[in-house]
Amino acid sequence: MSAGAATSPFAEDQDTFWHTTTHIMAQAVCRLFPNTRYAIGPTIDEGFYYDFDVVRNFLPEDMAKIEEEMKKIVEENHTVEHMSWTKGEALEFFEKHGQAFKAELIRDLPGSEVSIYRQGEFTDLCRGPHLKRTGLVRHFKLLTFAGAYWRANEKGPRLQRIYGISYQDKKNLLEFVRRREEAEKRDHRRLGVELDLFGMDETLGGGLVLYHPKGSAMRMVIEDFLKRAHRKLGYQYIFSPHMANANLWKISGHYENYKENMYFTQIEEQEFGIKPMNCPFHIQVYRSHLRSYRELPIRYFELGTVYRFERSGVLHGLLRVRGFTQDDAHIFCREEQLTGEIEGVLDFVQSVLNLFGFSYTVGVGTRPEKFMGDPELWDRATAALRSALDAKKIQHEIHAGDGAFYGPKIDVALKDALGRSWQGPTIQVDFNLPQRFGLEYVSDDGSRKTPVMIHRAILGSLERFIGCLIEHYAGDFPVWLSPIQVRVIPVSAEAAGAFPAEVMDGLRARDIRADVDEREESLGKRIRAAELEKIPVVAVIGNREAQARSVNVRRRGKKDQEVLSLTDFVEQICREAMVPDGAINP
RNA sequence: GCCAACGUAGCUCAGACGGUAGAGCAACGCACUCGUAAUGCGUAGGUCGGCGGUUCGAUUCCGCCCGUUGGCUCCA
C-alpha cells in the first residue's frame with residue numbers, strides 16, 4: 001500500500017494504477033458474466049489480480065473478451081467515486097447484490113465505517129487509493145488465470161484468479177513483456193535441457209532428478225567447495241544412511257509431526273522411514289558417547305540426501321523436488337554459545353551468497369500451529385535468532401508460524417529468473433530434539449546438562465541452489481563452475497597434428513575440464529556449437545599455433561581473440577578455474 | 001491435492017470431417033580439409049504420454065491414469 005493512502009483517496013503511483021486496473025477488470029468480468037461474485041483484488045509486486053466466483057470456468061478465449069470490455073470501460077472514462085459507508089449500509093448493499101464474499105469481509109473489518117469506491121455500475125469495498133477516472137488507465141494486459149481458494153483455505157470455496165499488469169506508458173508495458181521473455185530464456189528447466197545438465201524422467205516419477213555428466217560436474221565443484229569450506233570452519237564430515245527404523249522417527253517427533261511428508265516401507269514386520277531430514281542421525285552420532293562441555297560446540301556436516309513427499313502440483317524443475325541433497329549441519333553447543341554460533345553461520349551464509357553474487361531476503365519463521373515442546377523455550381530460541389540478526393545488522397521480516405515443528409528458523413530466500421522466491425539457506429534453533437533424545441554433556445561443575453542444537457544449511461538443497469544458479473548466470477557460468485571449461489578446436493586434423501590432444505591432456509593434467517572437438521565439421525560450425533554450449537574458453541589450434549606451440553583463445557560471447565603460448569594459457573586458465581573460497585574465513 | 005492448459009522424432013514445432021504422420025536443428029554416413037556463430041548431399045529415427053471405451057477402423061472422439069506448465073494450498 002502506498003504511503004499516500006492515508007491522506008487522499010486518490011493518487012497516481014504505480015500501485016494505485018494497478019489497483020484501479022484490477023477494479024476495471026472486475027467490472028468487465030461482472031458485465032460479461034452475470035452473477036459474478038468478486039472476492040479480493042489486490043496489487044502484487046508486479047501487477048495485480050482479482051479472484052472471482054463465476055458460473056463457469058474461464059476459458060483462454062475469455063481473456064481477450066475481458067480485455068475488450070476493459071477497453072470500453074476505460075473509454076467510458078467513469079469517475080471513480082470514493083465514499084464512506086456505515087458497516088450496516090455496506091452490508092445491506094452487498095448482500096442485496098449477492099456479494100457474499102464482500103459481506104464476509106465487511107463483518108470482519110474493525111470500526112464502524114468502511115471505505116467504498118464506485119465507478120459506473122461497479123461498486124467495491126476497498127481501502128484505496130484509486131485513480132480519479134477509469135480513463136487514466138491506458139496500457140494493460142491480462143497475463144494468466146489460475147485457481148485460488150477463498151481466504152487461502154483449500155477446504156473453502158474455489159475461486160478463479162486472473163493476473164494482469166498495467167502501465168501509464170506503452171513503452172513500460174512492452175518492456176515488461178520483453179523482460180518476461182528474457183526471463184523465460186534463463187529458465188533453468190530450459191537451460192537444463194539445452195546445456196544437457198540434468199533431466200527428469202517420467203519413468204522414475206515426478207520430482208526425482210537425474211544429473212547428466214555436465215550437471216554432475218557442476219555439482220561436484222560445488223560439493224568440493226562446500227567440503228573444504230566446512231572443514232576450514234571447524235565442521236566434521238559425517239555420513240548417515242537414507243532410512244531408519246520408525247522408532248527413530250517416533251523419538252524425533254517426525255512420526256507425529258511430519259509423517260504426511262515421509263515415505264515408509266515395511267521390512268520383516270519392522271516399519272522403516274526414508275529420511276526427510278538428517279538431524280536424528282547426527283543426534284545419534286552425538287549420543288555415541290558422553291560429551292564434555294570442553295568439546296562443545298560440536299559441528300557435524302553432511303551432504304545428506306533426503307526424500308519428502310510433495311504434492312504433485314507443487315513440483316517445479318530443480319526448485320521443488322521430492323529427493324534432494326542438503327548441505328546440512330547440526331551444531332551442538334551450550335546455550336551461552338548459541339548467539340556466537342548463529343552469527344558464525346550467518347557470516348558463512350553471507351560470504352557464500354556474496355561469492356555467487358546472489359541477492360536475498362531474510363525472514364524469521366516463528367512457532368507454527370503444529371509444534372512440540374515448551375513455548376517458553378520457543379521464545380528463547382526465537383530471541384537468539386533475532387539478536388544474532390540484529391548484531392549483524394541484517395534486515396529481516398517476521399514470518400509468523402513459519403518455523404519448523406521443533407524450532408524457529410531464519411530463512412534466506414533466493415530469487416529465480418521470474419522473481420519468484422525460493423528458500424535456500426536456513427538456520428534453526430532447537431531446544432526440543434536434544435531433550436527428546438536425552439542429549440547431555442558434563443558441564444564444568446560436573447553436572448549433566450542438555451545442549452542446544454542448531455540445524456543449518458548454507459545453500460539449502462543442492463538441487464534448488466543449482467537451479468537458481470543456472471538462472472542467475474543464465475547458463476553463462478564462470479570458468480570455475482563451468483561443466484566444460486575449455487574446448488579445444490583444431491582448425492583441421494592435419495594442420496594441427498597431435499598438438500590439440502597435447503593441449504587437452506595438459507589441461508586435464510592440471511584438473512581443468514577440457515575436451516576437444518575434432519569432428520570433421522567446419523570451424524565455424526564447431527565455434528558455434530561451443531557458443532551454444534556456453535563454454536567459456538575456446539582454444540583454436542591451426543598449423544600456425546601448432547608450430548609455435550601456442551593457442552588462439554576465444555572467450556564466450558567475444559569475437560576478438562588472443563594468442564597465448566601453451567604454458568601461459570594453462571597458467572591463466574588454472575588461475576581462473578580456482579574455486580574462489582578465499583572468502584570463507586576460518 | 002485443487003483450478004486451468006498441454007503431452008506428435010533427442011530438441012523446436014506442423015498436421016489430418018476419425019482411414020496407422022511430416023519440417024528444421026541435432027544424430028549417423030559420404031564428399032569437402034576448411035582460420036572464429038550453421039559446407040553440401042544422403043540415411044536413419046515416432047506404439048502421436050499410458051490404459052480402457054465408442055467405431056469396420058482412434059494419434060484424432062470419450063473416460064481414467066501418468067507426466068509437464070501457470071497459479072492456489074504446502075514447503076528446502
# chains A, B, ... in the order shown; residues from 1 in each chain; ligands from 1
call {"tool": "residues_around", "arguments": {"residues": "G46 (chain B)", "least_positions_apart": "4", "cutoff": "12 Å", "atoms": "only C-alpha atoms (C1' of nucleotides)", "output": "list in words"}}
result
U8, A9, G10, U20, A21, G22 and U59 of chain B
call {"tool": "write_last_selection", "arguments": {"atoms": "all heavy atoms", "output": "CSV table (one decimal), in the first residue's frame"}}
result
chain,number,residue,atom,x,y,z
B,8,U,P,4.9,-34.0,-27.2
B,8,U,OP1,6.1,-34.6,-26.8
B,8,U,OP2,4.7,-32.6,-27.5
B,8,U,O5',4.4,-34.8,-28.6
B,8,U,C5',4.1,-36.2,-28.6
B,8,U,C4',4.1,-36.7,-30.0
B,8,U,O4',3.0,-36.0,-30.7
B,8,U,C3',5.3,-36.4,-30.8
B,8,U,O3',6.3,-37.3,-30.6
B,8,U,C2',4.7,-36.5,-32.2
B,8,U,O2',4.5,-37.8,-32.6
B,8,U,C1',3.4,-35.8,-32.0
B,8,U,N1,3.5,-34.3,-32.3
B,8,U,C2,3.5,-33.9,-33.6
B,8,U,O2,3.5,-34.6,-34.5
B,8,U,N3,3.6,-32.5,-33.7
B,8,U,C4,3.6,-31.6,-32.7
B,8,U,O4,3.7,-30.4,-33.0
B,8,U,C5,3.6,-32.1,-31.4
B,8,U,C6,3.5,-33.4,-31.2
B,9,A,P,7.8,-36.7,-30.3
B,9,A,OP1,8.2,-37.2,-29.0
B,9,A,OP2,7.8,-35.2,-30.6
B,9,A,O5',8.7,-37.4,-31.4
B,9,A,C5',9.1,-38.8,-31.2
B,9,A,C4',10.4,-39.0,-31.8
B,9,A,O4',10.3,-38.8,-33.3
B,9,A,C3',11.5,-38.0,-31.4
B,9,A,O3',12.7,-38.7,-31.1
B,9,A,C2',11.7,-37.1,-32.5
B,9,A,O2',13.0,-36.7,-32.7
B,9,A,C1',11.3,-37.9,-33.7
B,9,A,N9,10.8,-37.2,-34.9
B,9,A,C8,10.5,-35.8,-34.9
B,9,A,N7,10.2,-35.4,-36.1
B,9,A,C5,10.2,-36.6,-36.9
B,9,A,C6,10.0,-36.8,-38.2
B,9,A,N6,9.6,-35.9,-39.1
B,9,A,N1,10.1,-38.1,-38.7
B,9,A,C2,10.5,-39.0,-37.8
B,9,A,N3,10.8,-38.9,-36.5
B,9,A,C4,10.6,-37.7,-36.1
B,10,G,P,13.0,-39.4,-29.7
B,10,G,OP1,13.9,-40.5,-30.0
B,10,G,OP2,11.8,-39.5,-29.0
B,10,G,O5',13.9,-38.2,-29.0
B,10,G,C5',14.4,-38.4,-27.7
B,10,G,C4',15.4,-37.3,-27.4
B,10,G,O4',16.5,-37.5,-28.4
B,10,G,C3',14.9,-35.9,-27.6
B,10,G,O3',14.4,-35.4,-26.4
B,10,G,C2',16.1,-35.2,-28.1
B,10,G,O2',16.9,-34.8,-27.0
B,10,G,C1',16.8,-36.2,-28.9
B,10,G,N9,16.5,-36.2,-30.4
B,10,G,C8,16.0,-37.3,-31.1
B,10,G,N7,15.7,-37.0,-32.3
B,10,G,C5,16.1,-35.7,-32.4
B,10,G,C6,16.1,-34.8,-33.6
B,10,G,O6,15.7,-35.1,-34.7
B,10,G,N1,16.5,-33.5,-33.3
B,10,G,C2,16.9,-33.2,-32.0
B,10,G,N2,17.3,-31.9,-32.0
B,10,G,N3,17.0,-33.9,-31.0
B,10,G,C4,16.5,-35.2,-31.3
B,20,U,P,-4.1,-44.1,-43.1
B,20,U,OP1,-3.8,-42.6,-43.4
B,20,U,OP2,-3.8,-45.1,-44.1
B,20,U,O5',-3.5,-44.5,-41.8
B,20,U,C5',-3.5,-43.6,-40.6
B,20,U,C4',-2.5,-44.1,-39.6
B,20,U,O4',-2.8,-45.4,-39.1
B,20,U,C3',-1.1,-44.3,-40.2
B,20,U,O3',-0.4,-43.1,-40.4
B,20,U,C2',-0.5,-45.2,-39.1
B,20,U,O2',-0.1,-44.4,-38.0
B,20,U,C1',-1.7,-46.1,-38.7
B,20,U,N1,-1.6,-47.4,-39.3
B,20,U,C2,-1.8,-48.5,-38.5
B,20,U,O2,-1.9,-48.4,-37.3
B,20,U,N3,-1.7,-49.7,-39.1
B,20,U,C4,-1.5,-50.0,-40.4
B,20,U,O4,-1.5,-51.1,-40.8
B,20,U,C5,-1.3,-48.8,-41.2
B,20,U,C6,-1.4,-47.6,-40.7
B,21,A,P,1.0,-43.2,-41.2
B,21,A,OP1,0.9,-44.2,-42.2
B,21,A,OP2,2.2,-43.1,-40.3
B,21,A,O5',0.8,-41.8,-41.9
B,21,A,C5',1.9,-41.1,-42.4
B,21,A,C4',1.9,-39.7,-41.8
B,21,A,O4',1.5,-39.8,-40.5
B,21,A,C3',3.3,-39.1,-41.8
B,21,A,O3',3.5,-38.3,-43.0
B,21,A,C2',3.3,-38.1,-40.6
B,21,A,O2',2.8,-36.9,-40.9
B,21,A,C1',2.2,-38.8,-39.7
B,21,A,N9,2.8,-39.5,-38.6
B,21,A,C8,3.0,-40.9,-38.4
B,21,A,N7,3.5,-41.3,-37.2
B,21,A,C5,3.6,-40.1,-36.6
B,21,A,C6,4.0,-39.8,-35.3
B,21,A,N6,4.4,-40.7,-34.4
B,21,A,N1,4.0,-38.5,-34.9
B,21,A,C2,3.5,-37.6,-35.8
B,21,A,N3,3.1,-37.7,-37.0
B,21,A,C4,3.2,-39.0,-37.3
B,22,G,P,4.7,-38.7,-43.9
B,22,G,OP1,4.6,-38.0,-45.2
B,22,G,OP2,4.8,-40.2,-44.0
B,22,G,O5',5.9,-38.2,-43.1
B,22,G,C5',6.9,-37.4,-43.7
B,22,G,C4',6.5,-35.9,-43.4
B,22,G,O4',5.6,-35.8,-42.3
B,22,G,C3',7.7,-35.1,-43.0
B,22,G,O3',8.4,-34.7,-44.2
B,22,G,C2',7.0,-33.9,-42.4
B,22,G,O2',6.4,-33.0,-43.3
B,22,G,C1',5.8,-34.6,-41.6
B,22,G,N9,6.1,-34.8,-40.2
B,22,G,C8,6.2,-36.1,-39.6
B,22,G,N7,6.5,-36.0,-38.3
B,22,G,C5,6.5,-34.6,-38.1
B,22,G,C6,6.8,-33.9,-36.9
B,22,G,O6,7.0,-34.4,-35.7
B,22,G,N1,6.7,-32.5,-37.0
B,22,G,C2,6.5,-31.9,-38.2
B,22,G,N2,6.5,-30.6,-38.2
B,22,G,N3,6.3,-32.6,-39.4
B,22,G,C4,6.3,-33.9,-39.2
B,59,U,P,-4.5,-45.2,-32.0
B,59,U,OP1,-3.3,-45.5,-32.8
B,59,U,OP2,-4.9,-46.2,-31.0
B,59,U,O5',-4.4,-43.8,-31.3
B,59,U,C5',-3.2,-43.3,-30.7
B,59,U,C4',-3.0,-41.9,-30.9
B,59,U,O4',-2.2,-41.6,-32.1
B,59,U,C3',-4.4,-41.1,-31.2
B,59,U,O3',-5.1,-40.8,-30.0
B,59,U,C2',-3.9,-39.9,-32.0
B,59,U,O2',-3.4,-38.9,-31.1
B,59,U,C1',-2.7,-40.5,-32.8
B,59,U,N1,-3.0,-40.8,-34.2
B,59,U,C2,-3.2,-39.7,-35.0
B,59,U,O2,-3.1,-38.6,-34.7
B,59,U,N3,-3.4,-40.1,-36.3
B,59,U,C4,-3.6,-41.4,-36.8
B,59,U,O4,-3.8,-41.5,-38.0
B,59,U,C5,-3.4,-42.4,-35.9
B,59,U,C6,-3.1,-42.1,-34.6
call {"tool": "interface_residues", "arguments": {"of": "chain A", "to": "chain B", "cutoff": "7 Å", "atoms": "only C-alpha atoms (C1' of nucleotides)", "output": "list of chain:residue names"}}
result
A:Thr144, A:Ala146, A:Gly147, A:Ala148, A:Tyr149, A:Ala152, A:Glu154, A:Glu202, A:Arg311, A:Gln423, A:Gly424, A:Gly460, A:Ser461, A:Val491, A:Ser492, A:Ser522, A:Leu523, A:Gly524, A:Lys525, A:Ile527, A:Arg528, A:Glu531
call {"tool": "select_by_dssp", "arguments": {"residues": "region 235-473 of chain A", "states": "strand (DSSP E)", "output": "PyMOL selection string"}}
result
chain A and resi 236-237+243-245+264-267+270-274+298-307+323-333+360-365+397-399+409-415+421-430+441-442+448-449+452-461
call {"tool": "closest_residue", "arguments": {"among": "A:Val452, A:Leu462, A:Val114, A:Val538", "to": "Pro434 (chain A)", "atoms": "only C-alpha atoms"}}
result
A:Val452
call {"tool": "residues_around", "arguments": {"residues": "region 96-109 of chain A", "least_positions_apart": "4", "cutoff": "10 Å", "atoms": "only C-alpha atoms (C1' of nucleotides)", "output": "number ranges by chain"}}
result
A: 35-40, 52-53, 86-88, 90-92, 113-115, 124-126, 150-151
call {"tool": "residues_around", "arguments": {"residues": "region 15-32 of chain A", "least_positions_apart": "6", "cutoff": "7 Å", "atoms": "only C-alpha atoms (C1' of nucleotides)", "output": "list in words"}}
result
Ser2, Gly41, Pro42, Thr43, Gly47, Phe48, Tyr49, Tyr50, Ile66, Glu69, Met70, Ile73, Phe122, Pro129, His130, Leu131, Val137, Ile165 and Ser166 of chain A
call {"tool": "closest_residue", "arguments": {"among": "A:Ala383, A:Val74, A:Cys574, A:Val54", "to": "Pro157 (chain A)", "atoms": "only C-alpha atoms"}}
result
A:Val54
call {"tool": "select_by_dssp", "arguments": {"residues": "region 7-239 of chain A", "states": "helix (DSSP H, G or I)", "output": "MDAnalysis selection string"}}
result
chainID A and resid 14:32 60:76 87:96 100:108 134:136 150:152 170:186 188:194 213:232
call {"tool": "residues_around", "arguments": {"residues": "region 176-186 of chain A", "least_positions_apart": "5", "cutoff": "8 Å", "atoms": "only C-alpha atoms (C1' of nucleotides)", "output": "JSON, numbers by chain"}}
result
{"A": [191, 417, 418, 470, 471, 472, 474, 475]}
call {"tool": "write_last_selection", "arguments": {"atoms": "N, CA, C and O atoms", "output": "JSON list (two decimals), in the first residue's frame"}}
result
[["chain", "number", "residue", "atom", "x", "y", "z"],
["A", 191, "LEU", "N", 17.28, -24.33, -19.82],
["A", 191, "LEU", "CA", 18.74, -24.41, -19.94],
["A", 191, "LEU", "C", 19.25, -25.79, -19.53],
["A", 191, "LEU", "O", 20.25, -26.27, -20.06],
["A", 417, "ALA", "N", 14.58, -16.60, -12.02],
["A", 417, "ALA", "CA", 14.59, -15.66, -13.13],
["A", 417, "ALA", "C", 13.30, -14.84, -13.20],
["A", 417, "ALA", "O", 13.31, -13.68, -13.61],
["A", 418, "LEU", "N", 12.19, -15.42, -12.78],
["A", 418, "LEU", "CA", 10.93, -14.69, -12.85],
["A", 418, "LEU", "C", 10.62, -13.92, -11.57],
["A", 418, "LEU", "O", 9.53, -13.41, -11.39],
["A", 470, "ILE", "N", 21.72, -21.62, -12.21],
["A", 470, "ILE", "CA", 21.58, -21.65, -13.66],
["A", 470, "ILE", "C", 20.86, -20.39, -14.12],
["A", 470, "ILE", "O", 21.26, -19.74, -15.09],
["A", 471, "GLU", "N", 19.81, -20.01, -13.41],
["A", 471, "GLU", "CA", 19.04, -18.83, -13.81],
["A", 471, "GLU", "C", 19.83, -17.55, -13.53],
["A", 471, "GLU", "O", 19.79, -16.60, -14.30],
["A", 472, "HIS", "N", 20.53, -17.56, -12.42],
["A", 472, "HIS", "CA", 21.33, -16.40, -12.03],
["A", 472, "HIS", "C", 22.36, -16.07, -13.10],
["A", 472, "HIS", "O", 22.53, -14.92, -13.49],
["A", 474, "ALA", "N", 22.25, -17.34, -16.14],
["A", 474, "ALA", "CA", 21.65, -17.62, -17.45],
["A", 474, "ALA", "C", 22.47, -18.66, -18.21],
["A", 474, "ALA", "O", 22.57, -18.60, -19.44],
["A", 475, "GLY", "N", 23.08, -19.57, -17.49],
["A", 475, "GLY", "CA", 23.87, -20.63, -18.14],
["A", 475, "GLY", "C", 25.29, -20.21, -18.47],
["A", 475, "GLY", "O", 26.11, -21.05, -18.82]]
call {"tool": "residues_around", "arguments": {"residues": "A44 (chain B)", "least_positions_apart": "5", "cutoff": "12 Å", "atoms": "only C-alpha atoms (C1' of nucleotides)", "output": "list of chain:residue names"}}
result
B:A9, B:A27, B:C28, B:G29
call {"tool": "write_last_selection", "arguments": {"atoms": "C-alpha atoms (C1' of nucleotides)", "output": "PDB file, in the first residue's frame"}}
result
ATOM      1  C1'   A B   9      11.305 -37.934 -33.712  1.00  0.00           C
ATOM      2  C1'   A B  27      22.470 -37.703 -34.649  1.00  0.00           C
ATOM      3  C1'   C B  28      24.661 -41.084 -38.253  1.00  0.00           C
ATOM      4  C1'   G B  29      27.086 -41.846 -43.352  1.00  0.00           C
TER       5        G B  29
END
call {"tool": "residues_around", "arguments": {"residues": "Arg575 (chain A)", "least_positions_apart": "4", "cutoff": "12 Å", "atoms": "only C-alpha atoms (C1' of nucleotides)", "output": "PyMOL selection string"}}
result
chain A and resi 479-480+510-512+568-571+579-580
call {"tool": "atom_distance", "arguments": {"atom1": "CA of Gly206 (chain A)", "atom2": "CA of Ala246 (chain A)"}}
result
25.0 Å
call {"tool": "closest_residue", "arguments": {"among": "A:Leu355, A:His399, A:Met578, A:Arg334", "to": "Asp224 (chain A)", "atoms": "only C-alpha atoms"}}
result
A:Met578
call {"tool": "closest_residue", "arguments": {"among": "A:Lys259, A:Arg544, A:Lys409, A:His230", "to": "Thr382 (chain A)", "atoms": "only C-alpha atoms"}}
result
A:Lys409
call {"tool": "atom_distance", "arguments": {"atom1": "CA of Tyr163 (chain A)", "atom2": "CA of Leu142 (chain A)"}}
result
5.9 Å
